[in-house]
>>> print(open('start-v8.pdb').read())   # PDB, C-alpha atoms, pLDDT in the B column
ATOM      1  CA  MET A  26      62.507  66.255  68.387  1.00 94.00           C
ATOM      2  CA  PHE A  27      59.902  67.511  70.836  1.00 97.00           C
ATOM      3  CA  TYR A  28      56.840  69.729  71.120  1.00 98.00           C
ATOM      4  CA  ILE A  29      55.380  71.865  73.902  1.00 98.00           C
ATOM      5  CA  SER A  30      51.750  71.945  75.003  1.00 98.00           C
ATOM      6  CA  ASP A  31      49.816  73.701  77.754  1.00 98.00           C
ATOM      7  CA  ASP A  32      46.944  71.215  77.467  1.00 98.00           C
ATOM      8  CA  LYS A  33      46.612  69.694  80.950  1.00 98.00           C
ATOM      9  CA  LYS A  34      44.832  66.665  79.478  1.00 97.00           C
ATOM     10  CA  LYS A  35      48.122  65.671  77.838  1.00 98.00           C
ATOM     11  CA  LEU A  36      50.052  65.659  81.124  1.00 98.00           C
ATOM     12  CA  GLN A  37      51.254  62.209  82.162  1.00 98.00           C
ATOM     13  CA  PHE A  38      50.811  62.354  85.921  1.00 98.00           C
ATOM     14  CA  ASP A  39      53.173  59.475  86.721  1.00 98.00           C
ATOM     15  CA  LYS A  40      55.848  61.149  84.610  1.00 98.00           C
ATOM     16  CA  VAL A  41      55.247  64.510  86.341  1.00 98.00           C
ATOM     17  CA  MET A  42      55.652  62.808  89.725  1.00 98.00           C
ATOM     18  CA  ASN A  43      58.860  61.160  88.506  1.00 97.00           C
ATOM     19  CA  LEU A  44      60.227  64.455  87.168  1.00 97.00           C
ATOM     20  CA  LEU A  45      59.447  66.327  90.382  1.00 97.00           C
ATOM     21  CA  GLY A  46      61.056  63.489  92.319  1.00 95.00           C
ATOM     22  CA  GLN A  47      64.327  64.317  90.521  1.00 92.00           C
ATOM     23  CA  THR A  48      64.388  67.827  92.052  1.00 93.00           C
ATOM     24  CA  TYR A  49      65.738  69.238  95.291  1.00 91.00           C
ATOM     25  CA  TRP A  50      62.635  71.386  95.797  1.00 92.00           C
ATOM     26  CA  ALA A  51      59.703  69.052  95.112  1.00 95.00           C
ATOM     27  CA  GLN A  52      60.940  65.524  95.768  1.00 94.00           C
ATOM     28  CA  ASN A  53      58.772  65.141  98.875  1.00 94.00           C
ATOM     29  CA  ARG A  54      55.469  66.433  97.483  1.00 96.00           C
ATOM     30  CA  THR A  55      52.527  64.114  97.787  1.00 96.00           C
ATOM     31  CA  GLU A  56      50.371  63.097  94.834  1.00 97.00           C
ATOM     32  CA  ASP A  57      47.528  65.207  96.259  1.00 98.00           C
ATOM     33  CA  GLN A  58      49.776  68.265  96.477  1.00 97.00           C
ATOM     34  CA  VAL A  59      50.920  67.826  92.884  1.00 98.00           C
ATOM     35  CA  LYS A  60      47.367  67.277  91.609  1.00 98.00           C
ATOM     36  CA  THR A  61      46.143  70.408  93.376  1.00 98.00           C
ATOM     37  CA  SER A  62      49.079  72.462  92.119  1.00 98.00           C
ATOM     38  CA  ILE A  63      48.344  71.374  88.543  1.00 98.00           C
ATOM     39  CA  GLU A  64      44.643  72.235  88.906  1.00 98.00           C
ATOM     40  CA  HIS A  65      45.483  75.797  89.949  1.00 98.00           C
ATOM     41  CA  SER A  66      48.281  76.540  87.491  1.00 98.00           C
ATOM     42  CA  VAL A  67      49.011  76.924  83.816  1.00 98.00           C
ATOM     43  CA  CYS A  68      51.112  73.851  83.063  1.00 98.00           C
ATOM     44  CA  PHE A  69      53.511  73.259  80.206  1.00 98.00           C
ATOM     45  CA  GLY A  70      54.541  69.783  79.167  1.00 98.00           C
ATOM     46  CA  VAL A  71      57.214  68.872  76.668  1.00 98.00           C
ATOM     47  CA  TYR A  72      56.698  65.662  74.721  1.00 98.00           C
ATOM     48  CA  SER A  73      58.743  63.486  72.390  1.00 97.00           C
ATOM     49  CA  LYS A  74      57.397  63.713  68.835  1.00 96.00           C
ATOM     50  CA  GLU A  75      58.369  60.090  68.259  1.00 96.00           C
ATOM     51  CA  THR A  76      56.808  58.471  71.334  1.00 97.00           C
ATOM     52  CA  ASP A  77      54.550  61.198  72.806  1.00 97.00           C
ATOM     53  CA  GLU A  78      56.288  60.533  76.147  1.00 97.00           C
ATOM     54  CA  GLN A  79      56.413  63.542  78.456  1.00 98.00           C
ATOM     55  CA  ILE A  80      60.032  64.623  78.922  1.00 98.00           C
ATOM     56  CA  ALA A  81      59.693  67.959  80.764  1.00 98.00           C
ATOM     57  CA  PHE A  82      57.277  69.956  82.895  1.00 98.00           C
ATOM     58  CA  SER A  83      56.772  73.458  84.255  1.00 98.00           C
ATOM     59  CA  ARG A  84      54.043  75.440  85.955  1.00 98.00           C
ATOM     60  CA  VAL A  85      53.008  79.078  85.952  1.00 98.00           C
ATOM     61  CA  ILE A  86      50.973  80.539  88.806  1.00 98.00           C
ATOM     62  CA  THR A  87      49.232  83.738  87.756  1.00 97.00           C
ATOM     63  CA  ASP A  88      46.339  86.150  88.115  1.00 97.00           C
ATOM     64  CA  TYR A  89      46.774  87.050  84.390  1.00 96.00           C
ATOM     65  CA  SER A  90      46.765  90.741  85.285  1.00 96.00           C
ATOM     66  CA  THR A  91      49.658  91.718  87.520  1.00 96.00           C
ATOM     67  CA  THR A  92      51.950  88.785  88.240  1.00 96.00           C
ATOM     68  CA  TYR A  93      53.074  85.377  87.091  1.00 97.00           C
ATOM     69  CA  TYR A  94      55.418  83.005  88.894  1.00 97.00           C
ATOM     70  CA  ILE A  95      57.334  80.280  87.046  1.00 97.00           C
ATOM     71  CA  CYS A  96      57.967  77.146  89.071  1.00 97.00           C
ATOM     72  CA  ASP A  97      58.652  73.425  88.877  1.00 97.00           C
ATOM     73  CA  VAL A  98      60.735  73.695  85.711  1.00 96.00           C
ATOM     74  CA  ILE A  99      62.240  70.264  85.167  1.00 96.00           C
ATOM     75  CA  VAL A 100      63.625  68.352  82.182  1.00 97.00           C
ATOM     76  CA  ASP A 101      64.123  64.603  82.413  1.00 96.00           C
ATOM     77  CA  GLU A 102      67.798  63.832  83.043  1.00 94.00           C
ATOM     78  CA  LYS A 103      67.998  61.759  79.824  1.00 94.00           C
ATOM     79  CA  HIS A 104      66.946  64.753  77.726  1.00 96.00           C
ATOM     80  CA  ARG A 105      68.958  67.588  79.272  1.00 94.00           C
ATOM     81  CA  GLY A 106      71.343  69.541  77.083  1.00 94.00           C
ATOM     82  CA  ASN A 107      69.018  69.503  74.071  1.00 95.00           C
ATOM     83  CA  GLY A 108      67.536  72.999  74.479  1.00 96.00           C
ATOM     84  CA  ILE A 109      64.303  71.765  76.033  1.00 97.00           C
ATOM     85  CA  GLY A 110      64.535  73.990  79.119  1.00 95.00           C
ATOM     86  CA  LYS A 111      65.229  77.013  76.938  1.00 96.00           C
ATOM     87  CA  ALA A 112      62.313  76.164  74.659  1.00 97.00           C
ATOM     88  CA  MET A 113      59.989  75.795  77.633  1.00 97.00           C
ATOM     89  CA  ILE A 114      61.025  79.144  79.180  1.00 96.00           C
ATOM     90  CA  ASN A 115      60.745  80.794  75.778  1.00 96.00           C
ATOM     91  CA  ALA A 116      57.212  79.400  75.394  1.00 97.00           C
ATOM     92  CA  ILE A 117      56.249  80.846  78.768  1.00 97.00           C
ATOM     93  CA  THR A 118      57.879  84.254  78.358  1.00 96.00           C
ATOM     94  CA  THR A 119      56.443  84.748  74.859  1.00 96.00           C
ATOM     95  CA  ASP A 120      52.946  83.525  75.764  1.00 97.00           C
ATOM     96  CA  GLU A 121      50.478  86.383  75.178  1.00 97.00           C
ATOM     97  CA  ARG A 122      48.758  85.676  78.506  1.00 97.00           C
ATOM     98  CA  PHE A 123      51.914  86.820  80.307  1.00 96.00           C
ATOM     99  CA  SER A 124      53.222  89.455  77.876  1.00 90.00           C
ATOM    100  CA  ASN A 125      52.400  92.543  79.979  1.00 92.00           C
ATOM    101  CA  VAL A 126      52.577  90.901  83.383  1.00 95.00           C
ATOM    102  CA  PHE A 127      55.355  91.065  86.001  1.00 95.00           C
ATOM    103  CA  GLY A 128      57.212  87.749  86.013  1.00 95.00           C
ATOM    104  CA  MET A 129      59.223  86.153  88.775  1.00 94.00           C
ATOM    105  CA  LEU A 130      60.787  82.882  89.805  1.00 93.00           C
ATOM    106  CA  ILE A 131      63.134  81.403  92.358  1.00 89.00           C
ATOM    107  CA  THR A 132      66.195  79.390  91.416  1.00 89.00           C
ATOM    108  CA  ARG A 133      69.257  78.205  93.242  1.00 87.00           C
ATOM    109  CA  ASP A 134      71.307  77.188  90.228  1.00 86.00           C
ATOM    110  CA  ALA A 135      69.822  78.272  86.876  1.00 88.00           C
ATOM    111  CA  HIS A 136      70.466  82.022  86.798  1.00 88.00           C
ATOM    112  CA  GLY A 137      72.225  81.725  83.445  1.00 88.00           C
ATOM    113  CA  LEU A 138      69.179  80.167  81.811  1.00 91.00           C
ATOM    114  CA  TYR A 139      66.649  82.665  83.118  1.00 91.00           C
ATOM    115  CA  SER A 140      68.788  85.755  82.521  1.00 91.00           C
ATOM    116  CA  GLN A 141      68.620  84.964  78.792  1.00 92.00           C
ATOM    117  CA  TYR A 142      64.889  85.704  79.025  1.00 89.00           C
ATOM    118  CA  GLY A 143      65.143  89.012  80.886  1.00 91.00           C
ATOM    119  CA  PHE A 144      65.028  87.815  84.504  1.00 90.00           C
ATOM    120  CA  GLU A 145      67.335  89.622  86.932  1.00 92.00           C
ATOM    121  CA  VAL A 146      68.515  88.795  90.447  1.00 90.00           C
ATOM    122  CA  ASP A 147      66.847  91.076  92.994  1.00 86.00           C
ATOM    123  CA  PRO A 148      67.995  90.057  96.496  1.00 81.00           C
ATOM    124  CA  GLU A 149      66.814  93.303  98.125  1.00 79.00           C
ATOM    125  CA  HIS A 150      63.129  92.555  97.602  1.00 80.00           C
ATOM    126  CA  TYR A 151      62.933  88.833  98.189  1.00 79.00           C
ATOM    127  CA  MET A 152      61.215  87.529 101.305  1.00 80.00           C
ATOM    128  CA  LYS A 153      59.775  84.126 102.081  1.00 77.00           C
ATOM    129  CA  ARG A 154      57.523  82.332 104.490  1.00 81.00           C
ATOM    130  CA  SER A 155      57.601  78.567 104.610  1.00 80.00           C
ATOM    131  CA  GLY A 156      54.396  76.543 104.662  1.00 76.00           C
ATOM    132  CA  LYS A 157      53.706  74.098 107.438  1.00 68.00           C
TER     133      LYS A 157
END
>>> encode(input="start-v8.pdb", output="structure tokens")
Amino acid sequence: MFYISDDKKKLQFDKVMNLLGQTYWAQNRTEDQVKTSIEHSVCFGVYSKETDEQIAFSRVITDYSTTYYICDVIVDEKHRGNGIGKAMINAITTDERFSNVFGMLITRDAHGLYSQYGFEVDPEHYMKRSGK
């Protein structure tokens, strides 16, 4: 079993770095980049009830008024297929802080997961600008 917390003090930084290292989008982030991103985001960690080990992570970037952006959603490979990703997205999308706020995210391969929570593909409005 597992539990979800948005208490940043509970985050296990080494585990977050390991989780992000498993992704195609964040595997090359530096420790400083990850620390700064955590400081400026609402972060959700998922933890094993038995061991208190962090087994998943996600971030929400928001102004709490008009927009929130879900990013860095990752479940440890050993724990995938147990509903943890769904539970994490449910926790975010039902959080009162985001209840009347426009939500968005970018995904290459998890459209099925996010569509269960009301997200829709909108290719006509998407633009991007890469950082340096």
>>> resolve_selection(input="start-v8.pdb", expression="the PyMOL selection byres ((chain A and resi 78) around 12)", output="ChimeraX atom specification")
/A:26-29,35-41,70-77,79-82,101,104
>>> closest_residue(input="start-v8.pdb", among="A:Glu149, A:Glu102, A:Asp120, A:Asp97", to="Thr132 in chain A", atoms="only C-alpha atoms")
A:Asp97
>>> atom_distance(input="start-v8.pdb", atom1="CA of Arg54 in chain A", atom2="CA of Ile117 in chain A")
23.6 Å
>>> closest_residue(input="start-v8.pdb", among="A:Thr61, A:Asn115, A:Ser66, A:Asn107", to="Tyr94 in chain A", atoms="all atoms listed in the file")
A:Ser66
>>> resolve_selection(input="start-v8.pdb", expression="the PyMOL selection byres ((chain A and resi 50) around 12)", output="MDAnalysis selection string")
chainID A and resid 44:49 51:54 96:99 131:134
>>> resolve_selection(input="start-v8.pdb", expression="the PyMOL selection byres ((chain A and resi 139) around 12)", output="list in words")
Ile95, Cys96, Val98, Gly110, Lys111, Ala112, Met113, Ile114, Asn115, Ile117, Thr118, Gly128, Met129, Leu130, Ile131, Thr132, Arg133, Asp134, Ala135, His136, Gly137, Leu138, Ser140, Gln141, Tyr142, Gly143, Phe144, Glu145 and Val146 of chain A
>>> closest_residue(input="start-v8.pdb", among="A:Arg84, A:Lys153, A:Lys34, A:Arg122", to="Val59 in chain A", atoms="all atoms listed in the file")
A:Arg84
>>> atom_distance(input="start-v8.pdb", atom1="CA of Ser30 in chain A", atom2="CA of Tyr89 in chain A")
18.5 Å
>>> atom_distance(input="start-v8.pdb", atom1="CA of Lys60 in chain A", atom2="CA of Asp32 in chain A")
14.7 Å
>>> decode(input="start-v8.pdb", residues="range 78-98 of chain A", atoms="N, CA, C and O atoms", output="JSON list (two decimals), in the first residue's frame")
[["chain", "number", "residue", "atom", "x", "y", "z"],
["A", 78, "GLU", "N", 9.52, 4.61, 1.91],
["A", 78, "GLU", "CA", 10.33, 4.93, 0.75],
["A", 78, "GLU", "C", 9.49, 5.65, -0.29],
["A", 78, "GLU", "O", 8.34, 5.28, -0.55],
["A", 79, "GLN", "N", 10.04, 6.70, -0.90],
["A", 79, "GLN", "CA", 9.34, 7.40, -1.96],
["A", 79, "GLN", "C", 9.35, 6.55, -3.22],
["A", 79, "GLN", "O", 10.40, 6.08, -3.66],
["A", 80, "ILE", "N", 8.16, 6.37, -3.82],
["A", 80, "ILE", "CA", 8.04, 5.50, -4.99],
["A", 80, "ILE", "C", 7.49, 6.23, -6.22],
["A", 80, "ILE", "O", 7.42, 5.64, -7.29],
["A", 81, "ALA", "N", 7.11, 7.50, -6.05],
["A", 81, "ALA", "CA", 6.61, 8.28, -7.19],
["A", 81, "ALA", "C", 6.73, 9.77, -6.87],
["A", 81, "ALA", "O", 6.87, 10.16, -5.70],
["A", 82, "PHE", "N", 6.63, 10.58, -7.92],
["A", 82, "PHE", "CA", 6.82, 12.02, -7.78],
["A", 82, "PHE", "C", 6.06, 12.73, -8.88],
["A", 82, "PHE", "O", 5.93, 12.22, -9.99],
["A", 83, "SER", "N", 5.56, 13.92, -8.59],
["A", 83, "SER", "CA", 5.01, 14.81, -9.60],
["A", 83, "SER", "C", 5.07, 16.24, -9.09],
["A", 83, "SER", "O", 5.17, 16.47, -7.89],
["A", 84, "ARG", "N", 5.02, 17.17, -10.04],
["A", 84, "ARG", "CA", 5.04, 18.58, -9.69],
["A", 84, "ARG", "C", 3.88, 19.29, -10.37],
["A", 84, "ARG", "O", 3.42, 18.89, -11.43],
["A", 85, "VAL", "N", 3.42, 20.37, -9.73],
["A", 85, "VAL", "CA", 2.42, 21.24, -10.30],
["A", 85, "VAL", "C", 2.95, 22.67, -10.22],
["A", 85, "VAL", "O", 3.33, 23.15, -9.15],
["A", 86, "ILE", "N", 3.00, 23.33, -11.36],
["A", 86, "ILE", "CA", 3.39, 24.73, -11.44],
["A", 86, "ILE", "C", 2.10, 25.52, -11.57],
["A", 86, "ILE", "O", 1.27, 25.21, -12.43],
["A", 87, "THR", "N", 1.92, 26.53, -10.72],
["A", 87, "THR", "CA", 0.64, 27.23, -10.73],
["A", 87, "THR", "C", 0.73, 28.65, -10.19],
["A", 87, "THR", "O", 1.64, 28.98, -9.43],
["A", 88, "ASP", "N", -0.26, 29.48, -10.58],
["A", 88, "ASP", "CA", -0.44, 30.78, -9.95],
["A", 88, "ASP", "C", -1.65, 30.75, -9.01],
["A", 88, "ASP", "O", -2.01, 31.75, -8.43],
["A", 89, "TYR", "N", -2.28, 29.58, -8.88],
["A", 89, "TYR", "CA", -3.44, 29.33, -8.02],
["A", 89, "TYR", "C", -4.69, 30.10, -8.43],
["A", 89, "TYR", "O", -5.70, 30.04, -7.74],
["A", 90, "SER", "N", -4.64, 30.82, -9.52],
["A", 90, "SER", "CA", -5.78, 31.64, -9.91],
["A", 90, "SER", "C", -6.29, 31.34, -11.31],
["A", 90, "SER", "O", -7.49, 31.23, -11.52],
["A", 91, "THR", "N", -5.36, 31.18, -12.26],
["A", 91, "THR", "CA", -5.79, 30.98, -13.64],
["A", 91, "THR", "C", -5.33, 29.67, -14.25],
["A", 91, "THR", "O", -6.03, 29.11, -15.08],
["A", 92, "THR", "N", -4.14, 29.20, -13.87],
["A", 92, "THR", "CA", -3.55, 28.07, -14.58],
["A", 92, "THR", "C", -2.73, 27.19, -13.66],
["A", 92, "THR", "O", -2.07, 27.68, -12.76],
["A", 93, "TYR", "N", -2.79, 25.89, -13.91],
["A", 93, "TYR", "CA", -1.82, 24.97, -13.33],
["A", 93, "TYR", "C", -1.30, 24.04, -14.42],
["A", 93, "TYR", "O", -2.00, 23.76, -15.39],
["A", 94, "TYR", "N", -0.05, 23.62, -14.25],
["A", 94, "TYR", "CA", 0.62, 22.78, -15.23],
["A", 94, "TYR", "C", 1.20, 21.58, -14.49],
["A", 94, "TYR", "O", 2.01, 21.74, -13.58],
["A", 95, "ILE", "N", 0.76, 20.39, -14.86],
["A", 95, "ILE", "CA", 1.25, 19.15, -14.26],
["A", 95, "ILE", "C", 2.49, 18.70, -15.02],
["A", 95, "ILE", "O", 2.48, 18.63, -16.25],
["A", 96, "CYS", "N", 3.54, 18.37, -14.27],
["A", 96, "CYS", "CA", 4.76, 17.92, -14.94],
["A", 96, "CYS", "C", 5.52, 16.94, -14.05],
["A", 96, "CYS", "O", 5.21, 16.77, -12.87],
["A", 97, "ASP", "N", 6.51, 16.31, -14.64],
["A", 97, "ASP", "CA", 7.40, 15.39, -13.94],
["A", 97, "ASP", "C", 6.67, 14.26, -13.22],
["A", 97, "ASP", "O", 7.08, 13.84, -12.14],
["A", 98, "VAL", "N", 5.62, 13.76, -13.82],
["A", 98, "VAL", "CA", 4.88, 12.64, -13.23],
["A", 98, "VAL", "C", 5.67, 11.36, -13.52],
["A", 98, "VAL", "O", 5.86, 10.99, -14.67]]
